[in-house]
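Structure file coords_21.cif with mmCIF, C-alpha atoms:
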data_target
#
loop_
_atom_site.label_atom_id
_atom_site.label_comp_id
_atom_site.auth_asym_id
_atom_site.auth_seq_id
_atom_site.Cartn_x
_atom_site.Cartn_y
_atom_site.Cartn_z
CA MET E 245 -23.90 16.52 73.10
CA ILE E 246 -27.47 16.81 74.33
CA ARG E 247 -29.37 19.81 75.66
CA VAL E 248 -32.90 20.29 77.02
CA GLN E 249 -33.81 23.97 77.21
CA THR E 250 -36.64 26.49 77.20
CA GLU E 251 -34.67 28.99 75.08
CA ASP E 252 -34.61 28.92 71.32
CA PHE E 253 -31.56 27.60 69.45
CA ASP E 254 -29.75 28.82 66.35
CA ALA E 255 -29.45 25.89 63.93
CA GLY E 256 -26.73 27.66 61.97
CA ALA E 257 -24.60 28.33 65.04
CA GLU E 258 -25.06 24.72 66.13
CA LEU E 259 -23.98 23.38 62.73
CA GLU E 260 -21.03 25.76 62.76
CA GLN E 261 -20.04 24.50 66.20
CA LEU E 262 -20.35 20.88 65.04
CA ARG E 263 -18.18 21.67 62.05
CA SER E 264 -15.47 23.58 63.86
CA SER E 265 -15.16 20.99 66.62
CA HIS E 266 -13.96 18.48 64.03
CA LYS E 267 -12.02 20.60 61.60
CA GLY E 268 -11.34 18.84 58.34
CA GLN E 269 -12.38 15.38 59.49
CA ALA E 270 -16.09 15.35 58.72
CA GLY E 271 -17.13 15.53 55.10
CA ALA E 272 -20.86 15.43 55.73
CA MET E 273 -23.29 16.93 58.22
CA VAL E 274 -26.99 16.05 58.27
CA SER E 275 -29.44 17.97 60.43
CA PHE E 276 -33.10 17.65 61.29
CA THR E 277 -35.10 20.60 62.59
CA GLY E 278 -38.59 20.03 63.99
CA LEU E 279 -40.95 23.02 64.00
CA VAL E 280 -44.33 23.79 65.55
CA ARG E 281 -46.96 23.62 62.81
CA ASP E 282 -49.92 26.01 62.81
CA LEU E 283 -52.29 23.23 61.79
CA ASN E 284 -52.68 19.73 63.24
CA ALA E 285 -55.43 17.22 62.44
CA GLY E 286 -57.29 20.00 60.64
CA ASP E 287 -57.32 22.43 63.58
CA THR E 288 -55.50 25.74 63.96
CA VAL E 289 -52.91 25.58 66.69
CA THR E 290 -52.16 28.83 68.51
CA GLN E 291 -49.74 27.48 71.10
CA MET E 292 -47.87 24.27 71.85
CA THR E 293 -46.55 23.35 75.30
CA LEU E 294 -43.84 20.75 75.74
CA GLU E 295 -43.82 18.82 79.02
CA HIS E 296 -41.00 16.43 79.86
CA TYR E 297 -39.62 14.20 82.62
CA PRO E 298 -36.51 15.97 83.92
CA GLY E 299 -33.72 13.49 84.60
CA MET E 300 -35.17 10.69 82.52
CA THR E 301 -35.23 12.95 79.45
CA GLU E 302 -31.48 13.56 79.62
CA LYS E 303 -30.77 9.86 80.14
CA ALA E 304 -32.96 8.92 77.19
CA LEU E 305 -31.30 11.45 74.88
CA GLN E 306 -27.82 10.43 75.99
CA ARG E 307 -28.61 6.80 75.28
CA ILE E 308 -29.97 7.64 71.82
CA GLU E 309 -26.80 9.57 71.03
CA GLN E 310 -24.62 6.76 72.39
CA VAL E 311 -26.34 4.08 70.31
CA ALA E 312 -26.01 6.24 67.19
CA ASN E 313 -22.28 6.61 67.81
CA GLU E 314 -21.92 2.86 68.30
CA ARG E 315 -23.83 1.97 65.15
CA TRP E 316 -22.37 4.52 62.75
CA GLU E 317 -18.98 6.15 62.17
CA LEU E 318 -19.62 9.67 63.39
CA THR E 319 -17.31 12.53 64.25
CA ALA E 320 -19.94 14.47 66.22
CA THR E 321 -23.62 14.35 67.20
CA LEU E 322 -26.02 16.82 68.76
CA ILE E 323 -29.56 16.64 70.13
CA ILE E 324 -31.33 19.78 71.38
CA HIS E 325 -34.96 19.68 72.53
CA ARG E 326 -36.98 22.63 73.77
CA VAL E 327 -39.56 22.45 76.56
CA GLY E 328 -42.24 24.87 77.77
CA PRO E 329 -44.62 27.07 75.76
CA LEU E 330 -43.96 27.50 72.02
CA THR E 331 -45.84 29.12 69.15
CA PRO E 332 -46.27 28.07 65.50
CA ASN E 333 -43.07 28.03 63.45
CA ASN E 334 -40.94 27.92 66.61
CA ASN E 335 -38.10 25.43 66.73
CA ILE E 336 -38.87 22.32 68.81
CA VAL E 337 -35.96 19.99 68.20
CA PHE E 338 -32.59 19.92 66.44
CA VAL E 339 -30.71 16.70 65.72
CA ALA E 340 -27.44 16.60 63.80
CA ALA E 341 -24.77 14.06 62.88
CA ALA E 342 -21.36 14.65 61.29
CA SER E 343 -19.41 11.90 59.55
CA CYS E 344 -16.84 11.20 56.87
CA HIS E 345 -19.59 9.43 54.95
CA ARG E 346 -22.88 11.04 54.05
CA GLU E 347 -24.88 7.84 54.23
CA GLN E 348 -23.73 7.29 57.82
CA ALA E 349 -24.71 10.85 58.72
CA PHE E 350 -28.19 10.42 57.17
CA ARG E 351 -28.81 7.07 58.88
CA ALA E 352 -27.62 8.35 62.28
CA CYS E 353 -29.63 11.58 62.12
CA GLU E 354 -32.80 9.76 61.10
CA TYR E 355 -32.26 7.10 63.77
CA MET E 356 -31.84 9.74 66.47
CA ILE E 357 -35.01 11.69 65.62
CA ASP E 358 -37.06 8.50 65.05
CA THR E 359 -35.97 7.07 68.38
CA LEU E 360 -36.42 10.37 70.22
CA LYS E 361 -40.01 10.46 68.99
CA THR E 362 -40.82 7.04 70.42
CA GLU E 363 -38.59 6.84 73.50
CA ALA E 364 -37.77 10.26 74.96
CA PRO E 365 -40.28 11.42 77.60
CA PHE E 366 -41.71 14.56 76.00
CA TRP E 367 -45.40 15.32 75.62
CA LYS E 368 -47.04 17.97 73.45
CA LYS E 369 -50.16 19.85 74.42
CA GLU E 370 -51.83 22.04 71.83
CA THR E 371 -53.86 25.16 72.45
CA LEU E 372 -56.62 25.51 69.85
CA SER E 373 -59.14 28.33 69.44
CA ASP E 374 -61.64 26.40 71.58
CA GLY E 375 -59.46 24.72 74.21
CA THR E 376 -56.45 22.48 74.68
CA ARG E 377 -55.64 18.87 73.84
CA TRP E 378 -52.75 16.45 74.27
CA VAL E 379 -51.23 15.34 70.99
CA GLU E 380 -51.70 11.64 70.26
CA GLN E 381 -48.59 9.71 69.24
CA GLU E 382 -49.80 8.97 65.72
CA ASN E 383 -50.35 12.66 64.96
CA SER E 384 -46.76 13.71 65.51
CA VAL E 385 -44.66 14.74 62.51
CA MET Y 987 -34.23 27.33 44.70
CA ILE Y 988 -30.77 26.55 43.34
CA ARG Y 989 -27.56 28.59 43.45
CA VAL Y 990 -24.05 28.03 42.09
CA GLN Y 991 -21.59 30.43 43.65
CA THR Y 992 -17.96 31.04 44.55
CA GLU Y 993 -18.87 32.74 47.86
CA ASP Y 994 -19.43 30.81 51.07
CA PHE Y 995 -22.97 30.29 52.39
CA ASP Y 996 -24.41 30.45 55.89
CA ALA Y 997 -26.30 27.20 56.55
CA GLY Y 998 -28.18 28.75 59.46
CA ALA Y 999 -29.37 31.73 57.44
CA GLU Y 1000 -30.45 29.39 54.63
CA LEU Y 1001 -32.43 27.17 57.02
CA GLU Y 1002 -33.98 30.29 58.56
CA GLN Y 1003 -34.98 31.50 55.10
CA LEU Y 1004 -36.45 28.10 54.26
CA ARG Y 1005 -38.42 28.17 57.50
CA SER Y 1006 -39.74 31.70 57.25
CA SER Y 1007 -40.82 31.28 53.64
CA HIS Y 1008 -43.34 28.66 54.76
CA LYS Y 1009 -44.41 29.89 58.15
CA GLY Y 1010 -46.22 27.26 60.16
CA GLN Y 1011 -46.69 24.80 57.30
CA ALA Y 1012 -43.52 22.76 57.46
CA GLY Y 1013 -42.97 20.62 60.53
CA ALA Y 1014 -39.64 19.19 59.46
CA MET Y 1015 -36.49 20.46 57.75
CA VAL Y 1016 -33.61 18.18 56.81
CA SER Y 1017 -30.31 19.58 55.58
CA PHE Y 1018 -27.10 18.13 54.22
CA THR Y 1019 -23.84 20.08 54.33
CA GLY Y 1020 -20.83 18.79 52.40
CA LEU Y 1021 -17.40 19.97 53.59
CA VAL Y 1022 -13.88 19.80 52.23
CA ARG Y 1023 -11.98 17.12 54.16
CA ASP Y 1024 -8.31 17.56 54.99
CA LEU Y 1025 -7.60 13.93 54.16
CA ASN Y 1026 -8.61 11.88 51.12
CA ALA Y 1027 -7.42 8.37 50.23
CA GLY Y 1028 -4.76 8.71 52.92
CA ASP Y 1029 -3.27 11.97 51.62
CA THR Y 1030 -3.34 15.43 53.17
CA VAL Y 1031 -5.35 17.85 51.07
CA THR Y 1032 -4.32 21.51 51.24
CA GLN Y 1033 -6.73 22.88 48.64
CA MET Y 1034 -9.72 21.70 46.61
CA THR Y 1035 -10.84 23.33 43.37
CA LEU Y 1036 -14.35 22.82 42.04
CA GLU Y 1037 -14.80 23.03 38.28
CA HIS Y 1038 -18.26 22.94 36.71
CA TYR Y 1039 -20.10 23.28 33.41
CA PRO Y 1040 -21.89 26.64 33.57
CA GLY Y 1041 -25.37 26.40 32.09
CA MET Y 1042 -25.63 22.62 32.29
CA THR Y 1043 -24.98 22.75 36.05
CA GLU Y 1044 -27.98 24.98 36.69
CA LYS Y 1045 -30.20 22.82 34.48
CA ALA Y 1046 -29.08 19.66 36.27
CA LEU Y 1047 -29.71 21.13 39.74
CA GLN Y 1048 -33.11 22.49 38.69
CA ARG Y 1049 -34.13 19.09 37.39
CA ILE Y 1050 -32.99 17.39 40.60
CA GLU Y 1051 -35.04 19.85 42.65
CA GLN Y 1052 -38.04 19.41 40.37
CA VAL Y 1053 -38.00 15.62 40.57
CA ALA Y 1054 -37.72 15.79 44.39
CA ASN Y 1055 -40.77 18.05 44.50
CA GLU Y 1056 -42.71 15.69 42.25
CA ARG Y 1057 -41.82 12.59 44.28
CA TRP Y 1058 -42.26 13.93 47.79
CA GLU Y 1059 -44.61 16.38 49.54
CA LEU Y 1060 -42.32 19.31 50.17
CA THR Y 1061 -42.98 22.90 51.15
CA ALA Y 1062 -39.53 24.14 50.10
CA THR Y 1063 -36.21 22.89 48.72
CA LEU Y 1064 -32.77 24.42 48.31
CA ILE Y 1065 -29.54 23.39 46.61
CA ILE Y 1066 -26.39 25.54 46.87
CA HIS Y 1067 -23.09 24.43 45.37
CA ARG Y 1068 -19.84 26.31 45.52
CA VAL Y 1069 -17.25 26.43 42.71
CA GLY Y 1070 -13.64 27.63 42.55
CA PRO Y 1071 -10.84 27.19 45.08
CA LEU Y 1072 -11.71 25.93 48.58
CA THR Y 1073 -9.69 24.87 51.61
CA PRO Y 1074 -10.26 22.06 54.16
CA ASN Y 1075 -13.37 22.45 56.30
CA ASN Y 1076 -14.91 24.91 53.82
CA ASN Y 1077 -18.50 24.38 52.82
CA ILE Y 1078 -18.94 22.78 49.38
CA VAL Y 1079 -22.65 22.04 49.11
CA PHE Y 1080 -25.87 22.62 51.02
CA VAL Y 1081 -29.07 20.71 50.26
CA ALA Y 1082 -32.26 21.14 52.28
CA ALA Y 1083 -35.87 20.00 52.14
CA ALA Y 1084 -38.83 21.18 54.23
CA SER Y 1085 -42.00 19.13 54.60
CA CYS Y 1086 -44.94 18.42 56.86
CA HIS Y 1087 -43.53 14.91 57.28
CA ARG Y 1088 -40.01 14.19 58.42
CA GLU Y 1089 -39.66 11.02 56.41
CA GLN Y 1090 -40.47 12.92 53.21
CA ALA Y 1091 -37.88 15.58 54.11
CA PHE Y 1092 -35.21 12.92 54.76
CA ARG Y 1093 -35.95 11.03 51.55
CA ALA Y 1094 -35.98 14.19 49.44
CA CYS Y 1095 -32.79 15.61 50.93
CA GLU Y 1096 -30.93 12.34 50.48
CA TYR Y 1097 -32.25 11.93 46.93
CA MET Y 1098 -31.09 15.43 46.00
CA ILE Y 1099 -27.53 15.02 47.28
CA ASP Y 1100 -27.20 11.46 45.92
CA THR Y 1101 -28.39 12.55 42.49
CA LEU Y 1102 -26.27 15.70 42.51
CA LYS Y 1103 -23.21 13.55 43.16
CA THR Y 1104 -23.85 11.36 40.12
CA GLU Y 1105 -25.52 13.74 37.66
CA ALA Y 1106 -24.52 17.37 38.24
CA PRO Y 1107 -21.42 18.41 36.24
CA PHE Y 1108 -18.96 19.31 38.99
CA TRP Y 1109 -15.40 18.03 39.24
CA LYS Y 1110 -13.07 18.18 42.22
CA LYS Y 1111 -9.32 18.68 41.93
CA GLU Y 1112 -7.22 18.26 45.03
CA THR Y 1113 -3.95 19.99 45.80
CA LEU Y 1114 -1.68 17.70 47.86
CA SER Y 1115 1.74 18.47 49.30
CA ASP Y 1116 3.38 16.99 46.18
CA GLY Y 1117 1.05 18.02 43.37
CA THR Y 1118 -2.56 17.94 42.22
CA ARG Y 1119 -5.01 15.20 41.26
CA TRP Y 1120 -8.57 14.91 40.03
CA VAL Y 1121 -10.86 13.14 42.48
CA GLU Y 1122 -12.18 9.81 41.21
CA GLN Y 1123 -15.95 9.26 41.50
CA GLU Y 1124 -15.68 6.38 43.99
CA ASN Y 1125 -13.65 8.46 46.43
CA SER Y 1126 -16.25 11.17 46.93
CA VAL Y 1127 -18.06 11.39 50.27
CA MET R 1173 -40.84 5.38 100.66
CA LEU R 1174 -41.77 5.37 96.98
CA GLN R 1175 -41.64 8.46 94.77
CA LEU R 1176 -44.61 8.34 92.36
CA ARG R 1177 -44.76 10.59 89.29
CA TYR R 1178 -47.50 11.22 86.75
CA PHE R 1179 -47.07 13.08 83.48
CA ALA R 1180 -49.04 14.87 80.76
CA SER R 1181 -52.72 13.88 80.37
CA LEU R 1182 -52.41 11.40 83.25
CA ARG R 1183 -51.11 14.16 85.56
CA GLU R 1184 -54.12 16.26 84.58
CA SER R 1185 -56.59 13.40 85.11
CA LEU R 1186 -55.19 12.67 88.59
CA GLY R 1187 -54.78 16.33 89.54
CA ILE R 1188 -51.24 15.78 90.89
CA GLY R 1189 -47.81 15.35 89.33
CA ASP R 1190 -46.06 13.53 92.14
CA GLU R 1191 -46.51 12.09 95.59
CA GLN R 1192 -44.59 10.05 98.11
CA VAL R 1193 -46.10 6.89 99.61
CA GLU R 1194 -44.83 4.28 102.06
CA LEU R 1195 -44.16 0.99 100.28
CA PRO R 1196 -47.23 -1.09 101.24
CA ASP R 1197 -46.34 -4.35 102.99
CA ASN R 1198 -47.75 -6.73 100.43
CA VAL R 1199 -46.51 -4.85 97.33
CA HIS R 1200 -43.48 -6.37 95.57
CA ASP R 1201 -44.07 -5.57 91.93
CA LEU R 1202 -45.71 -3.13 89.56
CA PRO R 1203 -49.04 -5.01 89.25
CA GLY R 1204 -49.26 -5.03 93.07
CA LEU R 1205 -48.53 -1.31 93.32
CA THR R 1206 -51.01 -0.45 90.57
CA ARG R 1207 -53.72 -2.52 92.29
CA TRP R 1208 -52.98 -0.84 95.62
CA LEU R 1209 -53.26 2.64 94.05
CA GLN R 1210 -56.47 1.68 92.26
CA GLU R 1211 -58.02 0.41 95.46
CA ARG R 1212 -56.94 3.56 97.27
CA ASP R 1213 -58.87 5.94 95.00
CA PRO R 1214 -61.45 5.59 92.18
CA THR R 1215 -59.69 8.30 90.12
CA TRP R 1216 -56.55 6.12 90.03
CA LYS R 1217 -58.74 3.06 89.38
CA SER R 1218 -59.90 4.38 86.03
CA ALA R 1219 -56.80 6.43 85.09
CA LEU R 1220 -54.27 3.58 85.59
CA ALA R 1221 -56.53 1.14 83.72
CA ASP R 1222 -55.42 2.72 80.42
CA SER R 1223 -53.37 -0.01 78.73
CA ARG R 1224 -51.45 2.54 76.63
CA LEU R 1225 -49.67 3.94 79.69
CA HIS R 1226 -45.91 3.43 79.99
CA VAL R 1227 -44.14 2.96 83.30
CA ALA R 1228 -40.57 3.91 84.20
CA ILE R 1229 -38.83 2.77 87.38
CA ASN R 1230 -35.86 4.92 88.36
CA GLN R 1231 -36.17 6.63 84.97
CA GLU R 1232 -35.94 3.47 82.89
CA ILE R 1233 -38.93 2.09 80.99
CA VAL R 1234 -39.96 -1.26 82.50
CA LYS R 1235 -42.24 -4.15 81.63
CA VAL R 1236 -45.65 -4.54 83.25
CA ASP R 1237 -44.44 -7.15 85.78
CA ALA R 1238 -41.36 -5.24 87.05
CA ALA R 1239 -40.28 -5.62 90.68
CA ILE R 1240 -40.68 -2.70 93.10
CA ARG R 1241 -38.19 -1.92 95.90
CA ASP R 1242 -38.28 0.63 98.69
CA GLY R 1243 -36.79 3.92 97.49
CA ASP R 1244 -37.85 3.46 93.86
CA GLU R 1245 -39.10 6.32 91.71
CA ILE R 1246 -42.06 5.07 89.66
CA ALA R 1247 -43.50 7.14 86.82
CA TRP R 1248 -46.64 6.59 84.71
CA PHE R 1249 -47.17 8.43 81.45
CA PRO R 1250 -48.94 8.25 78.08
CA PRO R 1251 -47.06 7.45 74.85
CA VAL R 1252 -44.45 10.13 74.21
CA THR R 1253 -45.05 12.79 71.54
CA GLY R 1254 -41.92 14.95 71.46
CA GLY R 1255 -39.66 15.75 68.55
CA MET H 894 -20.62 25.14 13.42
CA LEU H 895 -20.28 22.88 16.42
CA GLN H 896 -19.30 24.13 19.86
CA LEU H 897 -17.05 21.52 21.51
CA ARG H 898 -16.30 21.59 25.23
CA TYR H 899 -13.92 19.56 27.39
CA PHE H 900 -13.89 19.52 31.19
CA ALA H 901 -11.72 18.61 34.16
CA SER H 902 -8.95 16.04 33.56
CA LEU H 903 -9.97 15.75 29.88
CA ARG H 904 -9.58 19.52 29.44
CA GLU H 905 -6.10 19.28 30.93
CA SER H 906 -5.13 16.29 28.75
CA LEU H 907 -6.23 18.11 25.60
CA GLY H 908 -4.84 21.47 26.65
CA ILE H 909 -8.02 23.32 25.65
CA GLY H 910 -11.47 23.79 27.19
CA ASP H 911 -13.47 24.59 24.09
CA GLU H 912 -13.26 25.04 20.37
CA GLN H 913 -15.53 25.64 17.41
CA VAL H 914 -15.42 23.37 14.36
CA GLU H 915 -17.39 23.23 11.12
CA LEU H 916 -19.68 20.18 11.10
CA PRO H 917 -17.79 17.71 8.84
CA ASP H 918 -19.82 16.57 5.79
CA ASN H 919 -19.96 12.89 6.67
CA VAL H 920 -20.62 13.32 10.43
CA HIS H 921 -24.20 12.70 11.57
CA ASP H 922 -23.81 11.22 15.02
CA LEU H 923 -21.57 11.10 18.06
CA PRO H 924 -19.51 8.07 16.98
CA GLY H 925 -18.82 9.84 13.67
CA LEU H 926 -17.75 13.05 15.39
CA THR H 927 -15.54 11.21 17.86
CA ARG H 928 -13.85 9.32 15.01
CA TRP H 929 -13.32 12.55 13.07
CA LEU H 930 -11.72 14.23 16.13
CA GLN H 931 -9.52 11.19 16.79
CA GLU H 932 -8.30 11.14 13.19
CA ARG H 933 -7.60 14.87 13.35
CA ASP H 934 -5.14 14.63 16.27
CA PRO H 935 -3.38 11.82 18.19
CA THR H 936 -4.00 13.61 21.52
CA TRP H 937 -7.76 13.35 20.91
CA LYS H 938 -7.30 9.79 19.68
CA SER H 939 -6.12 8.58 23.07
CA ALA H 940 -8.07 10.99 25.27
CA LEU H 941 -11.51 10.28 23.73
CA ALA H 942 -10.85 6.51 23.84
CA ASP H 943 -11.57 6.55 27.61
CA SER H 944 -14.82 4.62 27.95
CA ARG H 945 -15.67 6.32 31.25
CA LEU H 946 -16.21 9.69 29.55
CA HIS H 947 -19.71 11.16 29.50
CA VAL H 948 -21.05 13.23 26.66
CA ALA H 949 -23.67 15.97 26.80
CA ILE H 950 -25.29 17.49 23.73
CA ASN H 951 -26.83 20.91 24.31
CA GLN H 952 -26.23 20.37 28.03
CA GLU H 953 -28.13 17.09 28.29
CA ILE H 954 -26.35 13.78 28.87
CA VAL H 955 -26.75 11.58 25.77
CA LYS H 956 -26.13 7.99 24.78
CA VAL H 957 -23.09 6.96 22.76
CA ASP H 958 -24.99 6.84 19.45
CA ALA H 959 -26.70 10.26 19.69
CA ALA H 960 -27.34 12.26 16.54
CA ILE H 961 -25.37 15.46 15.87
CA ARG H 962 -26.84 18.54 14.17
CA ASP H 963 -25.26 21.76 13.02
CA GLY H 964 -25.26 24.28 15.89
CA ASP H 965 -25.01 21.68 18.63
CA GLU H 966 -22.90 22.17 21.75
CA ILE H 967 -21.12 18.89 22.51
CA ALA H 968 -19.28 18.37 25.81
CA TRP H 969 -17.03 15.51 26.94
CA PHE H 970 -16.16 15.01 30.57
CA PRO H 971 -15.11 12.41 33.16
CA PRO H 972 -17.58 11.06 35.77
CA VAL H 973 -18.76 13.91 37.98
CA THR H 974 -17.40 14.27 41.52
CA GLY H 975 -19.20 17.25 43.07
CA GLY H 976 -21.21 17.42 46.25
#

Written form, C-alpha cells:
Amino acid sequence: MIRVQTEDFDAGAELEQLRSSHKGQAGAMVSFTGLVRDLNAGDTVTQMTLEHYPGMTEKALQRIEQVANERWELTATLIIHRVGPLTPNNNIVFVAAASCHREQAFRACEYMIDTLKTEAPFWKKETLSDGTRWVEQENSV
Amino acid sequence: MIRVQTEDFDAGAELEQLRSSHKGQAGAMVSFTGLVRDLNAGDTVTQMTLEHYPGMTEKALQRIEQVANERWELTATLIIHRVGPLTPNNNIVFVAAASCHREQAFRACEYMIDTLKTEAPFWKKETLSDGTRWVEQENSV
Amino acid sequence: MLQLRYFASLRESLGIGDEQVELPDNVHDLPGLTRWLQERDPTWKSALADSRLHVAINQEIVKVDAAIRDGDEIAWFPPVTGG
Amino acid sequence: MLQLRYFASLRESLGIGDEQVELPDNVHDLPGLTRWLQERDPTWKSALADSRLHVAINQEIVKVDAAIRDGDEIAWFPPVTGG
C-alpha cells in the first residue's frame, strides 16, 4: 500500500496494521522512518517543505512497491510519504516490508527507500535562519 | 538500551521514544520486529516458549549493542527480547537503530539482529498439535 | 495542446508551475520542444539549459530524445530529494 | 564449588537445570570436567557427547579446552535460536 499525505503518521499503528493483515504468516518486519533533521550541511533548519508531482508520485511509489514484491518474498509492504511544511524531528517517510525471512524484509525495505530517494518526484526546500534553499540530491540522508 | 521481558512491547512507542530522545539529530530509524509464525517446517505452531540464560543474555545483548555503536555512527539503539510463553503473531524481538545516515542505520540494525540470532542465549520451543519440539538453529527466521 | 509542468527550483526560476501551449508545427520531440521554449523566452533559455534536469512525459521519466505527441503532459524538474 | 547449568533440550535430557559440585581434584579444564561428569552418570555421558553444544564459563562463550577454576559458573547449551 502507498500513501501520500500532509498529515503525520503513526509508525506503530502502521506496523501493527501490517502485522495484523497477515496474521501468523510473516516472521519479520523491517521498517525505515525518515525524519527532518535540525541541521543540514552545517546550517540550522527551522522548516522543511516537501513539494511533489501529484499523479506521477503515486505511480512511482506503486512501481517501487511492485518491483520489491516481484524481487523478494514479501507478505506485505507499505510506503507513506508526507508532503507540505514540516519541522525538525517530524516524520517524512515510512517504508516497511514484512516477510517470512528477515533478510528478504531488510533487502526489500532498503531497496524501496533507496529507489524512492532517486526516482520518486519529491523535492525538499529548507528554511534556514537567513532564507530558504532547495536541498541538493547529494545532501539527502 | 536493552530489555529482556515477558510482557509485550509497543513498537510504535519504542520508535517514538528513540526519536524523541535524539530530537532533530537522527534522520533515519530502522527497526526489525520478529514475530511468532503459525507455521514452521510445515507444521502448525500453537505456542512458542522462549527460554534464556538470565545474566548471560543481558551481557550478550549489551555487547551486541556496544559493537554496533562502535562500528556505525548511531544516535540511539534498542534491543528488546521477550521470554516465556508466546502465541502465533506475538512479538518476539524488536531491534532498532537511529542514525544521521540511513545506510548506517540499516547496517547496524541488521548486524544486531543477525548477531543476536547466533550469539544471544535464547532457545525456542514450539508446541505443535501433537507435542513439543526445540527449534533447530537453521529453521529460525 | 501540450500540458507543461515545472517543479521545485525550476518552477521558482520560471515563476510558473504549469502552462498549456499549442503543439508547435515543427516540434516532434523533446529537443525540438525545448528549443522552441528557449527561443520563446530568455528565462526558459537559461533555465532549461541545466543538464541536471529530468523530464517526464505523461508522468514517466524519458530520455532526452523522446518523441512528443499532441495531448502530452511534459514535466521538467531537478533531481529528486525526497525520502 | 562449581555452578553447573544446562539449558533448553539439554536441560530436558538431563532432567535438571543446575547443580553445584565440588571441583574434582584432577580437573583443571573443560575436557577434564566433561569427562568427570560423563563418568559420573550415563545420562551425562551421552548428552554431553553432542558436538554441537556450546559452553559458557562465567557467562562468556569459551573454547573446548578452556581452563576451569574453583567458583566458576559453567553452562552447556545447544545452538541458540532466539530472535

Item to check | Selection result for the PyMOL selection byres ((chain E and resi 367) around 9) on this file, as a ChimeraX atom specification | outcome: /E:293-296,365-366,368-369,378-379 /R:1179-1181,1250-1254

Suppose we keep C-alpha atoms; can you now write the selection as a PDB file, in the frame of the given file?
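Final output, out-v3.pdb:
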ATOM      1  CA  THR E 293     -46.550  23.350  75.300  1.00  0.00           C
ATOM      2  CA  LEU E 294     -43.840  20.750  75.740  1.00  0.00           C
ATOM      3  CA  GLU E 295     -43.820  18.820  79.020  1.00  0.00           C
ATOM      4  CA  HIS E 296     -41.000  16.430  79.860  1.00  0.00           C
ATOM      5  CA  PRO E 365     -40.280  11.420  77.600  1.00  0.00           C
ATOM      6  CA  PHE E 366     -41.710  14.560  76.000  1.00  0.00           C
ATOM      7  CA  LYS E 368     -47.040  17.970  73.450  1.00  0.00           C
ATOM      8  CA  LYS E 369     -50.160  19.850  74.420  1.00  0.00           C
ATOM      9  CA  TRP E 378     -52.750  16.450  74.270  1.00  0.00           C
ATOM     10  CA  VAL E 379     -51.230  15.340  70.990  1.00  0.00           C
TER      11      VAL E 379
ATOM     12  CA  PHE R1179     -47.070  13.080  83.480  1.00  0.00           C
ATOM     13  CA  ALA R1180     -49.040  14.870  80.760  1.00  0.00           C
ATOM     14  CA  SER R1181     -52.720  13.880  80.370  1.00  0.00           C
ATOM     15  CA  PRO R1250     -48.940   8.250  78.080  1.00  0.00           C
ATOM     16  CA  PRO R1251     -47.060   7.450  74.850  1.00  0.00           C
ATOM     17  CA  VAL R1252     -44.450  10.130  74.210  1.00  0.00           C
ATOM     18  CA  THR R1253     -45.050  12.790  71.540  1.00  0.00           C
ATOM     19  CA  GLY R1254     -41.920  14.950  71.460  1.00  0.00           C
TER      20      GLY R1254
END

Quick one: 5 Å padding each side, axis-aligned, all listed atoms of segment 1085-1091 of chain Y - centre and edge lengths in Å to one decimal, as lines of an AutoDock Vina configuration file?
center_x = -41.4
center_y = 15.1
center_z = 55.8
size_x = 17.1
size_y = 18.1
size_z = 15.2

Next on the checklist: Using Å and a single decimal, report how far atom CA of Thr1019 of chain Y sits from atom CA of Ile1078 of chain Y.
Outcome noted: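 Calculated distance between atom CA of Ile1078 of chain Y and atom CA of Thr1019 of chain Y is 7.5 Å.
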
Show me a table, sorted first by chain and then by increasing residue number, of the residues of chain E having an atom at most 12 Å from chain R, each with its shortest atom pair and the distance in Å to one decimal, counting only C-alpha atoms and written as a tab-separated table.
residue	atom	partner	partner_atom	distance
E:Val248	CA	R:Gly1255	CA	11.7
E:Phe276	CA	R:Gly1255	CA	10.0
E:Thr277	CA	R:Gly1255	CA	8.9
E:Gly278	CA	R:Gly1255	CA	6.3
E:Leu279	CA	R:Gly1255	CA	8.7
E:Val280	CA	R:Gly1255	CA	9.8
E:Met292	CA	R:Gly1254	CA	11.1
E:Thr293	CA	R:Gly1254	CA	10.3
E:Leu294	CA	R:Gly1254	CA	7.5
E:Glu295	CA	R:Ala1180	CA	6.8
E:His296	CA	R:Phe1179	CA	7.8
E:Tyr297	CA	R:Phe1179	CA	7.6
E:Pro298	CA	R:Gln1231	CA	9.4
E:Gly299	CA	R:Gln1231	CA	7.3
E:Met300	CA	R:Gln1231	CA	4.8
E:Thr301	CA	R:Gln1231	CA	8.4
E:Glu302	CA	R:Gln1231	CA	9.9
E:Lys303	CA	R:Gln1231	CA	7.9
E:Ala304	CA	R:Glu1232	CA	8.4
E:Leu305	CA	R:Gly1255	CA	11.3
E:Arg307	CA	R:Glu1232	CA	11.1
E:Ile323	CA	R:Gly1255	CA	10.3
E:Ile324	CA	R:Gly1255	CA	9.7
E:His325	CA	R:Gly1255	CA	7.3
E:Arg326	CA	R:Gly1255	CA	9.0
E:Val327	CA	R:Gly1254	CA	9.4
E:Gly328	CA	R:Gly1254	CA	11.8
E:Asn335	CA	R:Gly1255	CA	10.0
E:Ile336	CA	R:Gly1255	CA	6.6
E:Val337	CA	R:Gly1255	CA	5.6
E:Phe338	CA	R:Gly1255	CA	8.5
E:Val339	CA	R:Gly1255	CA	9.4
E:Glu354	CA	R:Gly1255	CA	11.8
E:Met356	CA	R:Gly1255	CA	10.1
E:Ile357	CA	R:Gly1255	CA	6.8
E:Asp358	CA	R:Gly1255	CA	8.5
E:Thr359	CA	R:Gly1255	CA	9.4
E:Leu360	CA	R:Gly1255	CA	6.5
E:Lys361	CA	R:Gly1255	CA	5.3
E:Thr362	CA	R:Val1252	CA	6.1
E:Glu363	CA	R:Val1252	CA	6.8
E:Ala364	CA	R:Val1252	CA	6.7
E:Pro365	CA	R:Val1252	CA	5.5
E:Phe366	CA	R:Gly1254	CA	4.6
E:Trp367	CA	R:Thr1253	CA	4.8
E:Lys368	CA	R:Thr1253	CA	5.9
E:Lys369	CA	R:Ala1180	CA	8.1
E:Glu370	CA	R:Thr1253	CA	11.5
E:Thr376	CA	R:Ser1181	CA	11.0
E:Arg377	CA	R:Ser1181	CA	8.7
E:Trp378	CA	R:Ser1181	CA	6.6
E:Val379	CA	R:Thr1253	CA	6.7
E:Glu380	CA	R:Thr1253	CA	6.9
E:Gln381	CA	R:Thr1253	CA	5.2
E:Glu382	CA	R:Thr1253	CA	8.4
E:Asn383	CA	R:Thr1253	CA	8.5
E:Ser384	CA	R:Thr1253	CA	6.3
E:Val385	CA	R:Gly1255	CA	7.9
